[in-house]
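Asker: Input file: final-v6.csv. Contents: CSV, C-alpha atoms.
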chain,number,residue,atom,x,y,z
A,299,HIS,CA,-14.5,20.2,-18.0
A,300,THR,CA,-16.8,20.1,-15.0
A,301,GLY,CA,-19.7,18.7,-16.9
A,302,LEU,CA,-17.6,15.6,-17.9
A,303,ARG,CA,-16.4,15.0,-14.4
A,304,GLU,CA,-19.9,15.3,-12.9
A,305,ASN,CA,-21.7,13.4,-15.6
A,306,PRO,CA,-19.4,11.1,-17.6
A,307,GLY,CA,-22.1,8.6,-18.7
A,308,PRO,CA,-23.2,10.4,-21.9
A,309,ALA,CA,-19.6,10.9,-23.0
A,310,LEU,CA,-18.6,7.3,-22.4
A,311,GLU,CA,-21.6,6.0,-24.4
A,312,LEU,CA,-21.0,8.5,-27.3
A,313,VAL,CA,-17.3,7.9,-27.6
A,314,GLU,CA,-17.8,4.1,-27.6
A,315,ALA,CA,-20.6,4.4,-30.2
A,316,ASP,CA,-18.5,6.6,-32.4
A,317,ALA,CA,-15.5,4.3,-32.1
A,318,ARG,CA,-17.7,1.4,-33.3
A,319,ALA,CA,-18.8,3.5,-36.2
A,320,GLY,CA,-15.2,4.3,-37.2
A,321,TRP,CA,-15.6,8.0,-36.4
A,322,ILE,CA,-13.2,7.9,-33.5
A,323,THR,CA,-10.0,5.9,-33.2
A,324,ARG,CA,-9.3,3.6,-30.3
A,325,GLY,CA,-6.8,4.9,-27.6
A,326,SER,CA,-3.1,5.0,-28.3
A,327,GLN,CA,-0.1,5.4,-26.0
A,328,TYR,CA,1.2,8.0,-28.5
A,329,PRO,CA,-0.5,10.9,-30.3
A,330,PRO,CA,-1.9,9.7,-33.7
A,331,THR,CA,-0.6,12.8,-35.4
A,332,ILE,CA,2.5,15.1,-35.0
A,333,PRO,CA,1.9,17.8,-34.0
A,334,ALA,CA,-1.2,17.2,-32.0
A,335,ARG,CA,-3.5,19.6,-30.2
A,336,ILE,CA,-5.1,17.7,-27.3
A,337,VAL,CA,-8.5,19.1,-26.4
A,338,ALA,CA,-10.7,18.2,-23.5
A,339,LYS,CA,-14.2,16.8,-23.8
A,340,ASN,CA,-17.1,18.2,-21.9
A,341,VAL,CA,-20.8,17.4,-21.3
A,342,VAL,CA,-23.4,20.1,-21.2
A,343,ALA,CA,-27.2,20.0,-20.6
A,344,GLN,CA,-29.5,21.2,-23.3
A,345,HIS,CA,-33.2,21.8,-22.9
A,346,LYS,CA,-35.6,21.1,-25.8
A,347,TRP,CA,-39.3,21.7,-26.0
A,348,ARG,CA,-41.6,18.9,-27.1
A,349,ILE,CA,-45.3,18.3,-27.5
A,350,ASP,CA,-46.7,15.0,-26.1
A,351,GLU,CA,-49.7,13.0,-27.4
A,352,SER,CA,-52.2,15.1,-25.5
A,353,GLY,CA,-50.8,18.3,-27.1
A,354,THR,CA,-49.1,19.5,-23.9
A,355,LEU,CA,-45.8,21.4,-24.2
A,356,PHE,CA,-43.1,20.1,-22.0
A,357,ARG,CA,-39.3,20.6,-21.6
A,358,LYS,CA,-36.9,17.7,-22.2
A,359,GLN,CA,-33.3,17.6,-21.1
A,360,LYS,CA,-30.7,16.4,-23.5
A,361,TRP,CA,-27.0,15.9,-22.9
A,362,ARG,CA,-24.5,17.2,-25.5
A,363,VAL,CA,-21.0,15.9,-25.6
A,364,THR,CA,-18.8,18.9,-26.7
A,365,THR,CA,-15.1,19.7,-27.3
A,366,ASP,CA,-13.6,22.7,-25.3
A,367,ASP,CA,-12.1,24.4,-28.3
A,368,SER,CA,-12.3,27.8,-26.8
A,369,ILE,CA,-10.1,27.2,-23.8
A,370,ASP,CA,-6.6,28.6,-24.0
A,371,ALA,CA,-3.7,26.7,-22.4
A,372,GLY,CA,-1.4,29.3,-20.9
A,373,GLU,CA,0.1,31.3,-23.8
A,374,VAL,CA,-1.2,28.8,-26.4
A,375,GLU,CA,-4.4,30.1,-28.0
A,376,SER,CA,-7.3,27.7,-28.5
A,377,ARG,CA,-8.4,26.4,-31.8
A,378,ASN,CA,-11.3,28.9,-31.9
A,379,HIS,CA,-9.3,31.9,-30.9
A,380,THR,CA,-6.7,31.3,-33.7
A,381,ILE,CA,-9.5,31.6,-36.4
A,382,ASP,CA,-9.9,35.1,-37.9
A,383,GLN,CA,-13.7,35.6,-37.7
A,384,THR,CA,-13.6,38.4,-40.2
A,385,GLU,CA,-12.9,35.8,-42.9
A,386,TRP,CA,-16.0,33.9,-42.1
A,387,SER,CA,-19.0,34.4,-44.5
A,388,ASP,CA,-22.5,34.7,-43.0
A,389,ALA,CA,-24.1,31.3,-42.9
A,390,GLY,CA,-27.5,32.9,-43.3
A,391,LEU,CA,-29.3,30.9,-40.6
A,392,PRO,CA,-33.1,31.4,-40.6
A,393,GLY,CA,-34.7,32.9,-37.5
A,394,PRO,CA,-37.6,31.6,-35.3
A,395,ARG,CA,-40.1,33.8,-37.2
A,396,THR,CA,-39.0,32.9,-40.7
A,397,LEU,CA,-41.6,30.2,-41.3
A,398,GLY,CA,-44.5,32.3,-39.9
A,399,GLU,CA,-43.5,35.2,-42.1
A,400,ALA,CA,-43.5,32.9,-45.2
A,401,VAL,CA,-47.0,31.6,-44.4
A,402,ALA,CA,-48.2,35.1,-43.9
A,403,VAL,CA,-46.9,36.1,-47.3
A,404,VAL,CA,-48.7,33.1,-48.9
A,405,LYS,CA,-52.0,33.8,-47.1
A,406,ALA,CA,-51.9,37.5,-48.0
A,407,ALA,CA,-52.2,36.7,-51.7
A,408,ALA,CA,-55.9,37.7,-52.0
A,409,GLY,CA,-55.3,41.1,-50.4
A,410,GLN,CA,-52.4,41.7,-52.7
A,411,LEU,CA,-54.6,41.0,-55.7
A,412,GLY,CA,-57.1,43.5,-54.4
A,413,ALA,CA,-60.0,41.0,-54.4
A,414,HIS,CA,-61.8,38.6,-52.1
A,415,LEU,CA,-61.2,35.2,-53.7
A,416,VAL,CA,-62.8,32.2,-52.1
A,417,SER,CA,-60.3,29.8,-53.8
A,418,LEU,CA,-57.4,31.5,-52.0
A,419,ASP,CA,-59.2,31.8,-48.7
A,420,LEU,CA,-59.8,28.0,-48.8
A,421,GLU,CA,-56.3,27.0,-49.7
A,422,THR,CA,-54.6,24.6,-47.4
A,423,VAL,CA,-51.0,25.5,-46.5
A,424,ALA,CA,-49.2,22.5,-45.2
A,425,LEU,CA,-46.2,23.0,-42.9
A,426,TRP,CA,-43.5,20.3,-42.8
A,427,ALA,CA,-40.4,19.7,-40.8
A,428,LEU,CA,-37.4,17.4,-41.2
A,429,ASP,CA,-34.8,16.5,-38.6
A,430,LEU,CA,-31.5,15.1,-40.1
A,431,CYS,CA,-30.5,12.4,-37.5
A,432,ASN,CA,-26.9,12.5,-36.5
A,433,ALA,CA,-26.1,14.5,-39.7
A,434,TYR,CA,-23.6,16.8,-38.0
A,435,ARG,CA,-21.5,13.9,-36.9
A,436,MET,CA,-21.5,12.5,-40.4
A,437,LEU,CA,-19.5,15.4,-41.7
A,438,ALA,CA,-15.9,14.2,-42.2
A,439,VAL,CA,-13.0,16.4,-41.3
A,440,ASN,CA,-10.2,17.0,-43.7
A,441,ARG,CA,-7.0,15.0,-42.8
A,442,ALA,CA,-5.1,18.4,-42.7
A,443,GLU,CA,-7.2,19.2,-39.6
A,444,TRP,CA,-6.8,15.9,-37.8
A,445,TRP,CA,-4.0,17.1,-35.6
A,446,GLN,CA,-6.5,19.5,-34.0
A,447,GLN,CA,-9.0,16.8,-33.2
A,448,CYS,CA,-7.2,14.7,-30.6
A,449,PHE,CA,-8.3,14.1,-27.0
A,450,VAL,CA,-7.2,12.0,-24.0
A,451,TRP,CA,-9.5,9.2,-23.0
A,452,THR,CA,-9.5,6.3,-20.6
A,453,ASP,CA,-7.4,4.2,-22.9
A,454,GLY,CA,-5.0,6.8,-24.2
A,455,VAL,CA,-5.0,9.5,-26.9
A,456,ARG,CA,-7.8,9.3,-29.5
A,457,LEU,CA,-8.5,11.0,-32.8
A,458,VAL,CA,-12.0,12.3,-33.9
A,459,ARG,CA,-12.4,12.1,-37.7
A,460,ARG,CA,-15.8,13.7,-37.8
A,461,ALA,CA,-17.2,17.2,-36.9
A,462,VAL,CA,-17.2,18.0,-33.2
A,463,PHE,CA,-19.5,20.2,-31.2
A,464,GLY,CA,-17.4,23.1,-30.0
A,465,SER,CA,-15.3,24.0,-33.0
A,466,ALA,CA,-16.6,27.5,-34.1
A,467,HIS,CA,-15.9,27.1,-37.8
A,468,LEU,CA,-17.7,23.8,-38.4
A,469,PRO,CA,-21.4,24.9,-38.1
A,470,GLY,CA,-20.9,27.3,-41.1
A,471,ILE,CA,-19.4,24.5,-43.2
A,472,PHE,CA,-22.2,22.1,-42.1
A,473,GLN,CA,-24.9,24.7,-42.9
A,474,ARG,CA,-23.6,24.9,-46.5
A,475,VAL,CA,-23.9,21.2,-46.8
A,476,THR,CA,-27.5,21.0,-45.5
A,477,THR,CA,-28.5,24.1,-47.5
A,478,PHE,CA,-27.6,22.0,-50.6
A,479,ILE,CA,-29.8,19.2,-49.4
A,480,VAL,CA,-32.7,21.6,-49.0
A,481,ALA,CA,-32.1,23.0,-52.5
A,482,VAL,CA,-32.5,19.4,-53.9
A,483,ALA,CA,-35.8,19.0,-52.0
A,484,ARG,CA,-37.0,22.4,-53.2
A,485,THR,CA,-36.3,21.5,-56.8
A,486,ARG,CA,-38.3,18.3,-56.5
A,487,ILE,CA,-41.2,20.2,-54.8
A,488,ARG,CA,-41.3,22.7,-57.6
A,489,ALA,CA,-41.2,20.0,-60.3
A,490,TYR,CA,-44.2,18.4,-58.6
A,491,ASP,CA,-46.0,21.7,-58.4
A,492,ALA,CA,-45.3,22.4,-62.1
A,493,ALA,CA,-47.0,19.1,-63.0
A,494,HIS,CA,-50.0,19.9,-60.7
A,495,PRO,CA,-50.9,23.5,-61.2
A,496,TYR,CA,-52.4,25.7,-58.5
A,497,SER,CA,-55.8,27.4,-58.7
A,498,VAL,CA,-56.4,30.1,-61.3
A,499,ALA,CA,-56.2,32.8,-58.6
A,500,ARG,CA,-52.9,31.5,-57.2
A,501,GLU,CA,-51.4,31.3,-60.7
A,502,GLU,CA,-52.5,34.9,-61.3
A,503,TRP,CA,-50.8,35.9,-58.0
A,504,LEU,CA,-47.6,34.2,-59.1
A,505,ARG,CA,-47.7,35.9,-62.4
A,506,GLN,CA,-48.1,39.4,-60.9
A,507,LYS,CA,-45.4,38.8,-58.3
A,508,ALA,CA,-43.0,37.6,-61.1
A,509,GLU,CA,-43.7,40.8,-63.1
A,510,ALA,CA,-43.1,43.0,-60.0
A,511,VAL,CA,-39.7,41.4,-59.2
A,512,GLY,CA,-38.6,40.6,-62.6
A,513,GLU,CA,-37.9,36.9,-62.0
A,514,ALA,CA,-39.7,33.6,-61.4
A,515,VAL,CA,-41.7,33.4,-58.2
A,516,TYR,CA,-42.9,30.2,-56.4
A,517,ALA,CA,-45.6,29.5,-53.9
A,518,ASP,CA,-43.5,27.3,-51.6
A,519,PHE,CA,-41.0,28.0,-48.9
A,520,SER,CA,-38.2,26.0,-47.3
A,521,ALA,CA,-35.2,26.7,-45.1
A,522,ILE,CA,-32.9,24.8,-42.7
A,523,TYR,CA,-31.2,25.6,-39.4
A,524,LEU,CA,-28.2,23.3,-39.4
A,525,ASP,CA,-29.9,19.9,-39.3
A,526,ASP,CA,-33.5,21.1,-38.8
A,527,ALA,CA,-35.4,21.8,-42.0
A,528,PHE,CA,-38.8,23.2,-42.3
A,529,GLY,CA,-41.1,24.7,-45.0
A,530,ALA,CA,-44.6,25.4,-46.3
A,531,THR,CA,-46.4,24.0,-49.3
A,532,ILE,CA,-49.8,24.8,-50.8
A,533,LEU,CA,-52.0,21.8,-51.1
A,534,GLY,CA,-54.7,23.5,-53.0
Would you kindly transcribe this structure into structure tokens?
Answerer:
Amino acid sequence: HTGLRENPGPALELVEADARAGWITRGSQYPPTIPARIVAKNVVAQHKWRIDESGTLFRKQKWRVTTDDSIDAGEVESRNHTIDQTEWSDAGLPGPRTLGEAVAVVKAAAGQLGAHLVSLDLETVALWALDLCNAYRMLAVNRAEWWQQCFVWTDGVRLVRRAVFGSAHLPGIFQRVTTFIVAVARTRIRAYDAAHPYSVAREEWLRQKAEAVGEAVYADFSAIYLDDAFGATILG
């Protein structure tokens, strides 16, 4: 909990904001649930890379308020250590190269057709990104798990009703929620593409790919890493 002791400001601001939003209860003299697992808060520094208006890449520091759900208390195991990880299904998170590989597949269409087609060489592939603001904190926690979401604050014991950073099982659950969101977006993109056909060459590529794999093939790509979605779309 060193980060909280040395830099309490971000935690104080976040807890108050979450309390106003109804995501965290106000402090109480007694635990809000029985039993209650009281877990400490912490503050850790994260570094993000950004590009300014001049196109220069710079590093920006961001403070993340977390829950120390991996710290055991004597013989009492932590929340994370009591979870059997063999029962977790793979969340299927995309990697850093996923988008680049998707664009390479799309741009390699002419070579796969065995011809030099100007219409394919001149195609514009648009890249897009979407950041879901505060989406992780909007994920409500089941009442059956509330007893594991308590913490001591300046005014007593509080309860967090939303997903917390630090609980090992929650990112996988959240990933399934956001994957559904991207699936909805993907369906709408493909509906638009169906109403606005690609070039004859691109349609031929799609036809050949579909025959090769035995199912429908599309010329778009989308994926999401927790709350950061990204994709590629052919503009023609």
Asker: At what distance in Å, to one decimal, does atom CA of A:Trp426 lie from atom CA of A:Ile487?
Answerer: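 Between these atoms lies a distance of 12.2 Å.
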Asker: Would you mind reading off the distance between atom CA of A:Arg474 and atom CA of A:Leu524, one decimal, in Å?
Answerer: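 Computing the Euclidean distance for atom CA of A:Arg474 and atom CA of A:Leu524 yields 8.6 Å.
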Asker: To one decimal place, how far is atom CA of A:Thr365 from atom CA of A:Ile336 in Å?
Answerer: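 Pair atom CA of A:Thr365 / atom CA of A:Ile336 returns 10.2 Å.
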Asker: So, counting only C-alpha atoms, which residue among A:Met436, A:Leu504, A:His467, A:Ser520 is closest to A:Val482?
Answerer: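 So, comparing all the options, the nearest one is A:Ser520.
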Asker: Have a look at A:Gly353, A:Gly512, A:Gly320, A:Pro308 and name the one nearest to A:Arg459; count all atoms listed in the file.
Answerer: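 Closest to A:Arg459, using all atoms listed in the file: A:Gly320.
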Asker: Write out as a ChimeraX atom specification each polymer residue whose atoms come within 9 Å of stretch 380-388 of chain A, counting all atoms listed in the file; drop sequence neighbours fewer than 3 positions from it.
Answerer: /A:375-377,391,466-467,470
Asker: Please provide as a list in words all residues within 10 Å of stretch 438-445 of chain A, with the sequence filter that same-chain residues fewer than 3 positions apart are discarded (counting all atoms listed in the file).
Answerer: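 Skipping anything fewer than 3 positions along the chain leaves Trp321, Pro329, Pro330, Thr331, Ile332, Pro333, Ala334, Arg335, Ile336, Tyr434, Arg435, Cys448, Leu457, Val458, Arg459, Arg460, Ala461, Val462 and Leu468 of chain A.
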Asker: From the options A:Gly398, A:Ile479, A:Ala517, A:Gln473, which residue's atoms come nearest to A:Ala492, counting all atoms listed in the file?
Answerer: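 Among the listed residues, A:Ala517 lies closest to A:Ala492.
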Asker: Would you mind writing stretch 336-352 of chain A with N, CA and C atoms, as a tab-separated table (two decimals), keeping the file's coordinate frame?
Answerer:
chain	number	residue	atom	x	y	z
A	336	ILE	N	-4.23	18.50	-28.16
A	336	ILE	CA	-5.10	17.70	-27.30
A	336	ILE	C	-6.11	18.52	-26.64
A	337	VAL	N	-7.37	18.27	-26.94
A	337	VAL	CA	-8.50	19.10	-26.40
A	337	VAL	C	-9.38	18.28	-25.55
A	338	ALA	N	-9.83	18.89	-24.47
A	338	ALA	CA	-10.70	18.20	-23.50
A	338	ALA	C	-12.11	18.05	-23.98
A	339	LYS	N	-12.76	16.99	-23.55
A	339	LYS	CA	-14.20	16.80	-23.80
A	339	LYS	C	-14.98	17.40	-22.64
A	340	ASN	N	-16.25	17.66	-22.90
A	340	ASN	CA	-17.10	18.20	-21.90
A	340	ASN	C	-18.54	17.66	-22.12
A	341	VAL	N	-19.40	17.77	-21.13
A	341	VAL	CA	-20.80	17.40	-21.30
A	341	VAL	C	-21.66	18.52	-20.75
A	342	VAL	N	-22.55	19.01	-21.59
A	342	VAL	CA	-23.40	20.10	-21.20
A	342	VAL	C	-24.87	19.71	-21.37
A	343	ALA	N	-25.72	20.31	-20.56
A	343	ALA	CA	-27.20	20.00	-20.60
A	343	ALA	C	-27.84	20.97	-21.59
A	344	GLN	N	-28.69	20.43	-22.44
A	344	GLN	CA	-29.50	21.20	-23.30
A	344	GLN	C	-30.98	20.92	-23.05
A	345	HIS	N	-31.79	21.94	-23.17
A	345	HIS	CA	-33.20	21.80	-22.90
A	345	HIS	C	-33.99	22.00	-24.22
A	346	LYS	N	-34.79	21.01	-24.59
A	346	LYS	CA	-35.60	21.10	-25.80
A	346	LYS	C	-37.08	21.06	-25.41
A	347	TRP	N	-37.88	21.71	-26.21
A	347	TRP	CA	-39.30	21.70	-26.00
A	347	TRP	C	-39.99	20.72	-26.92
A	348	ARG	N	-40.87	19.91	-26.36
A	348	ARG	CA	-41.60	18.90	-27.10
A	348	ARG	C	-43.09	18.97	-26.79
A	349	ILE	N	-43.89	18.35	-27.66
A	349	ILE	CA	-45.30	18.30	-27.50
A	349	ILE	C	-45.70	16.80	-27.35
A	350	ASP	N	-46.37	16.43	-26.25
A	350	ASP	CA	-46.70	15.00	-26.10
A	350	ASP	C	-48.02	14.71	-26.83
A	351	GLU	N	-48.50	13.46	-26.69
A	351	GLU	CA	-49.70	13.00	-27.40
A	351	GLU	C	-50.93	13.78	-27.11
A	352	SER	N	-50.99	14.36	-25.91
A	352	SER	CA	-52.20	15.10	-25.50
A	352	SER	C	-52.10	16.58	-25.97
